Every structure is written in structure tokens, then in C-alpha cells.
Amino acid sequence: MIQVDGLTKYYGARAAVHDLSFRISTGEVVGFLGLNGAGKTTTLKILAAVLLPSSGTVRIDGMDVARAPLSLKQRIGYLPEQPPLYDEMTVGEYLRFVAEIHGVPASRTPSAVEAVEERTALRAVHRELVGALSHGYRQRVGVAQALVHGPSVLLLDEPSKGLDPAQIIEMRSLLRSLRTTHTVLVSSHILPEIAQTCDRLLVIRDGELVAQGTEHELEQRLGGSGTVVVQVRGSAPAAEAALRGVPGVKQVTVASAEEDRVELHADAAEGLRPAIARAVVAAGLDLVRLDVGQDRLESLFLRLTRGTEG
Amino acid sequence: MRNVVLIARRELLAMVGTMAGWVILAAVLAVDGLLFNSFALEGIRRSAEVLTRFFYFSSGTTMVAAIFVSMRLLAEERQAGTLPLLYASPVQDVDIVLGKFFAGLAFLCGVTLLTAYMPLLILIHGKVSFGHLAAGYLGLLLLASACVALGTFASALARTQIVAGILGGAMLVGLLVAWQLSRVAEPPFAGFFAALALHNLHFVPFQSGVVHLRDVAYYLLVTWVLLFAATRVVEARRWR
């Protein structure tokens, strides 16, 4: 379990994190959302005992990070934003070194390395130099080093950064597989990853926690709205007027208008789709497509992190 | 101690696994060899005199090599973004500093011991006192220890290897010219500067085959103070 109370970190006169408090239960996978400079990395560094807080306490499994960092660190796996890799070592040598430095007994090190390589699909590059690996493999080695000593708590700072779509799916699958065995706090800007892999979200803005809860709870808090994509055959002004007439639709924008096909984006709750369909048909237009916008979570994220909620 | 060994082993393997380590090794052997042939074997000299000159030249290459070896120790980790791995591991900050220091010292000791064929060459035409030889190498290793500690401290302070090298070089020059300051300063500062100087007062007896406990204590003290300071710098980084 992770308990953070009144966590504050100053860099000079600037507070990177201010009075941050939250709880993460054992076995929970929590997403840490925020724009660049919001304080996510600083918070993760403090949780990993890499940085010391200016004030406040962080307890992991009941132990204070500032007072008992050595014994605590064996329980933590930490992946910094830039994976800490030694390019001149092979993947196997590197993971063995990380396991040993985290106190894994020498007799158990080979099996620990083999197990984590299997889990992160690194067996094929066991003998490869880390410096010769592709970005995707390097990121995987970064995750492997966080897992190799069998920690109960995982702190992952942007684990999907720079990965291609196939690698993102693999990373997502890996994060899902950690759900039952680890307590995970993962920061990311790739929102579908957060939405699909995390039980709960923590949203940080300017070093302060501005919201927390499930994706659904956060959406409810913001009035339950999202983007509904409507494609019709007919005139753009008529379609726009029809959508504006639906109670609950806040804003309508014409995304594209080609020949007789018009795509509109309505700022509305997902549940308003039947009413939107009826309004389009009643206006004498042909409904071609009616869908929930893929940017729903992005929109939610931006409203939370830029402070325009409510 | 296990963590110190682990960190030192990784660092040492990195030194011999990259071109930089071999370049330093080759440069030290080449410069020492050239100086040995050009000056130590010049004309007809007594064996002890040749050996004294050899240790004098070697002390210079050892000091320069120590700065090149140690400038990477912590600054490179910072540059490469690998320091968080050590910070997040269950190791003390002093273990990190000692591991790095011992790796640098072990590498430099290896390089220094490879120069042993030069004094042994003197055996062909003369006599070498093994006491003199042992004292000279002890002096070189103690000097290397102090200089690697100085370089480790500079590496802890600097953000990049280049800055660490410049900083380490500047501090080394400062400790060397303390001897010159002692010649122009008034007592009691003259004595202070003379005692502080890294080379003249403390190394010269070793190169002549004389071991003073005072000099051994000086080099060990300089090493300890600089490693203590480096550890404090590493600890302070956790606040920033």
C-alpha cells in the first residue's frame, strides 16, 4: 500500500509538488495523469526514494520512505522517464547486475533474470549489447530492470514513451498482467493506455492533486460529457441546427464537409446518441455514422489538467 | 561491502570494455616508456638514480591518468541518466562513491603495475634494491589513491565529464602549486602550504626509496577527506 500525506517538494522557490495526498491499495493499478511539468516525475522520484521531499510523508507498506529507504527500496521497482541503461553491458549482464544490487541472492539471480526476460519478451536479446537495441527493446529492458528483483510496488514513469502501436499493445498487456501481483503507479501521456490498464486515475496539475477516481467517475464529475461523432448526408447548417436543438448538447462543430457528406463533433454525453439520431432523422437528413469520439478521454484529460472542469 | 564490490566490478568492466580505458592505458605506458628512455637512461647513471627518476616521471603520468580515469565515474552516470538506478537501489550513498573510487583505483593500479618492466630493465645493467622498488610503487599507489579521490569528488560535483575533468585538473594543480606558495608565504602559512602540497614534500621520499609514516598518513587522509566530501555531494543531490 502507498500512503502519501501532504507531500511537498520545492526546487528553489518553486514548488514542483504541493501538499499532495493520496492512497493506493495493494494490488491496485493507478494511472498518474498530468501535463508536462505538473509534478508527476518529481512525485515518482520521491516515492522511489531517489529524491527527498521538502515536507510531507510517503509510506510504502507502512514504512516511511525518508527514514527507512534501504529496506524499502527492495520492495520498489522504479522505471525513470529515461530508462537507466548501461550501453556497454549485454541485457543479461545488466539485469543480473540490477538483481544483485537489489539484494537478490547470487544463487537465485539466473532464474530471476530468466523469468523477467520471459515476462518482458527479452530472451531473444539476452546476449545483445544494450547499446545496440532498438528503442522498444530498451524500454522493455527498463521495465525488466524494475521487475527483476520481485518488488511489490512498481513505479513506472511513462513506460510507453516513444513506443510504436504494436509495442504499446505489448506494454499494455504487460501492465495488465501485473495487476494482481503488484501495486502499480504508472504515469503516461498515452491516455488509452491509462484508461485500459488502470483501475483508477490520479490527476495532478501544477503539483497539486485535482481529481481522482475511475474514468467513469471523472467523466460524471465533468457533467458526463464527451465527444459524439455524427456523420450525415445533407447540408452542414441543417445538421448543425438539428444537433444544437438536442437538449444536453453543449457545443457542435463541423469537422469536415465534403460534397453531401458532413461530419460533426458534438460535445455531449454518450447516452444522448439516441436523441441525436432522432433529431437528425427528424430534420430530413440521412444518418451515416453515429459514434463516441476517440478523443473522449483526451478531452477529459485536457479539461482536468488545464483546469476547465466543472 | 557487497554493494561496493558490485558497483566497482561493473565500473571496472565498463572501463576495460570501452575504448577510453585502453587509450589511457596505452598513453600512460607510452609516455612513461618515452620518458624512461629519454631521461632515466640518459648517460651513465647509478641504478638508484635511474629508479628515482622513473618514479618521478611516473608520478606525473599517474596524476594525469587519475584525473582522466575518475572524471567519468559519477558525471558519466549523471549524463547517461543511469544515476537514478543506483539512487533507487538499496545501497548507501557511500557505497556508490566507494564502488566508483575503488574501480578507478584498481584500474590505475593495474596500469601502474604494468610499468614494472621498466625498473626491471635496470637489472640488466645494474642493481635494483627491491626495497626502493616497493617504496616507489607504494608512493605511486598512494598518490593514485589521492588523485582518484580528488577526481571522484570533482565528478560528483560536475554535470558532465568534461567539466569534471577541468574541475579535477584545476584542483590537482591547486594542490601541486601549494608547494610554490610555501616558498613565498611567511610562517606559519609556509609550513601549512608545504604540508598541503600533493607532491614535493610527500612523494619525493617515496621515489628515493624512503617511506615515512607521515607521508602515508597524508595520502590516506587526503583520500578520506575527498571521498567524504564526494559522499556528501552525492547525498545532497537527493535534495535537488
# chains A, B, ... in the order shown; residues from 1 in each chain; ligands from 1
>>> closest_atom_pairs(of="region 57-95 of chain B", to="region 24-46 of chain B", cutoff="8 Å", atoms="only C-alpha atoms", output="CSV")
residue,atom,partner,partner_atom,distance
B:Phe57,CA,B:Asp32,CA,6.8
B:Ser58,CA,B:Asp32,CA,6.1
B:Thr61,CA,B:Val28,CA,6.1
B:Thr62,CA,B:Val28,CA,7.6
B:Ala65,CA,B:Ile24,CA,6.6
B:Phe68,CA,B:Ile24,CA,7.6
B:Val69,CA,B:Ile24,CA,7.6
>>> select_by_dssp(residues="region 83-270 of chain A", states="alpha helix (DSSP H)", output="ChimeraX atom specification")
/A:91-101,109-119,135-147,165-177,191-197,215-221,236-244
>>> residues_around(residues="region 160-175 of chain B", least_positions_apart="2", cutoff="10 Å", atoms="only C-alpha atoms", output="ChimeraX atom specification")
/B:63-64,66-80,146-158,177-181,193-194,196-199
>>> closest_atom_pairs(of="chain A", to="chain B", cutoff="10 Å", atoms="only C-alpha atoms", output="Markdown table")
| residue | atom | partner | partner_atom | distance |
| --- | --- | --- | --- | --- |
| A:Lys9 | CA | B:Trp239 | CA | 9.0 |
| A:Tyr10 | CA | B:Arg240 | CA | 8.4 |
| A:Tyr11 | CA | B:Arg240 | CA | 6.5 |
| A:Gly12 | CA | B:Arg240 | CA | 8.5 |
| A:Lys45 | CA | B:Ala88 | CA | 8.5 |
| A:Ile46 | CA | B:Arg238 | CA | 9.2 |
| A:Leu47 | CA | B:Ala88 | CA | 9.6 |
| A:Ala48 | CA | B:Ala88 | CA | 5.9 |
| A:Ala49 | CA | B:Ala88 | CA | 6.1 |
| A:Val50 | CA | B:Tyr87 | CA | 5.2 |
| A:Leu51 | CA | B:Arg238 | CA | 4.5 |
| A:Leu52 | CA | B:Trp239 | CA | 5.4 |
| A:Pro53 | CA | B:Trp239 | CA | 7.4 |
| A:Ser54 | CA | B:Trp239 | CA | 7.9 |
| A:Pro69 | CA | B:Pro90 | CA | 7.3 |
| A:Leu70 | CA | B:Pro90 | CA | 4.4 |
| A:Ser71 | CA | B:Pro90 | CA | 6.6 |
| A:Leu72 | CA | B:Pro90 | CA | 7.7 |
| A:Lys73 | CA | B:Pro90 | CA | 5.2 |
| A:Gln74 | CA | B:Pro90 | CA | 6.1 |
| A:Arg75 | CA | B:Pro90 | CA | 9.5 |
| A:Ile76 | CA | B:Ala88 | CA | 8.2 |
| A:Gly77 | CA | B:Ala88 | CA | 8.3 |
| A:Tyr78 | CA | B:Ala88 | CA | 7.1 |
| A:Leu79 | CA | B:Leu85 | CA | 8.4 |
| A:Pro80 | CA | B:Pro84 | CA | 7.2 |
| A:Glu81 | CA | B:Gly81 | CA | 9.5 |
| A:Gln82 | CA | B:Gly81 | CA | 6.7 |
| A:Pro83 | CA | B:Thr82 | CA | 7.6 |
| A:Pro84 | CA | B:Thr82 | CA | 4.1 |
| A:Leu85 | CA | B:Thr82 | CA | 6.1 |
| A:Tyr86 | CA | B:Thr82 | CA | 7.2 |
| A:Asp87 | CA | B:Ala14 | CA | 9.3 |
| A:Glu88 | CA | B:Ala14 | CA | 6.6 |
| A:Met89 | CA | B:Ala14 | CA | 7.8 |
| A:Glu93 | CA | B:Arg10 | CA | 9.5 |
| A:Tyr94 | CA | B:Arg10 | CA | 9.2 |
| A:Phe97 | CA | B:Leu6 | CA | 7.5 |
| A:Val98 | CA | B:Leu85 | CA | 8.2 |
| A:Ala99 | CA | B:Ser89 | CA | 9.7 |
| A:Glu100 | CA | B:Leu6 | CA | 7.7 |
| A:Ile101 | CA | B:Asn3 | CA | 6.2 |
| A:His102 | CA | B:Ser89 | CA | 5.7 |
| A:Gly103 | CA | B:Pro90 | CA | 7.6 |
| A:Gln145 | CA | B:Leu85 | CA | 9.0 |
| A:Ala146 | CA | B:Leu85 | CA | 9.3 |
>>> atom_distance(atom1="CA of Gln212 (chain A)", atom2="CA of Cys198 (chain A)")
12.1 Å
>>> residues_around(residues="region 22-26 of chain A", least_positions_apart="5", cutoff="9 Å", atoms="only C-alpha atoms", output="list in words")
Met1, Ile2, Gln3, Val4, Asp5, Gly6, Asp61, Ser152, Val153, Thr180, Thr181, His182, Thr183, Val184, Leu185, Leu202, Leu209 and Gln212 of chain A
>>> write_last_selection(atoms="C-alpha atoms", output="PDB file, in the first residue's frame")
ATOM      1  CA  MET A   1       0.000   0.000   0.000  1.00  0.00           C
ATOM      2  CA  ILE A   2       1.172   3.514  -0.804  1.00  0.00           C
ATOM      3  CA  GLN A   3       0.197   6.382   1.504  1.00  0.00           C
ATOM      4  CA  VAL A   4       1.192   9.918   0.573  1.00  0.00           C
ATOM      5  CA  ASP A   5       0.382  12.732   3.004  1.00  0.00           C
ATOM      6  CA  GLY A   6       0.986  16.433   2.463  1.00  0.00           C
ATOM      7  CA  ASP A  61       3.855  -0.925   3.061  1.00  0.00           C
ATOM      8  CA  SER A 152       5.698  -5.470  -4.557  1.00  0.00           C
ATOM      9  CA  VAL A 153       5.398  -1.842  -5.662  1.00  0.00           C
ATOM     10  CA  THR A 180      -2.837  -8.953  -9.239  1.00  0.00           C
ATOM     11  CA  THR A 181       0.747  -9.295  -8.112  1.00  0.00           C
ATOM     12  CA  HIS A 182       1.908  -5.683  -7.813  1.00  0.00           C
ATOM     13  CA  THR A 183       0.776  -2.291  -6.651  1.00  0.00           C
ATOM     14  CA  VAL A 184       1.432  -0.107  -9.674  1.00  0.00           C
ATOM     15  CA  LEU A 185       1.564   3.634 -10.198  1.00  0.00           C
ATOM     16  CA  LEU A 202      -4.922  10.442 -10.171  1.00  0.00           C
ATOM     17  CA  LEU A 209      -3.955  16.653  -6.997  1.00  0.00           C
ATOM     18  CA  GLN A 212      -9.034  11.117  -8.602  1.00  0.00           C
TER      19      GLN A 212
END
>>> closest_residue(among="A:Ala68, A:Met171, A:Ala115, A:Ile204", to="Thr43 (chain A)", atoms="only C-alpha atoms")
A:Ile204
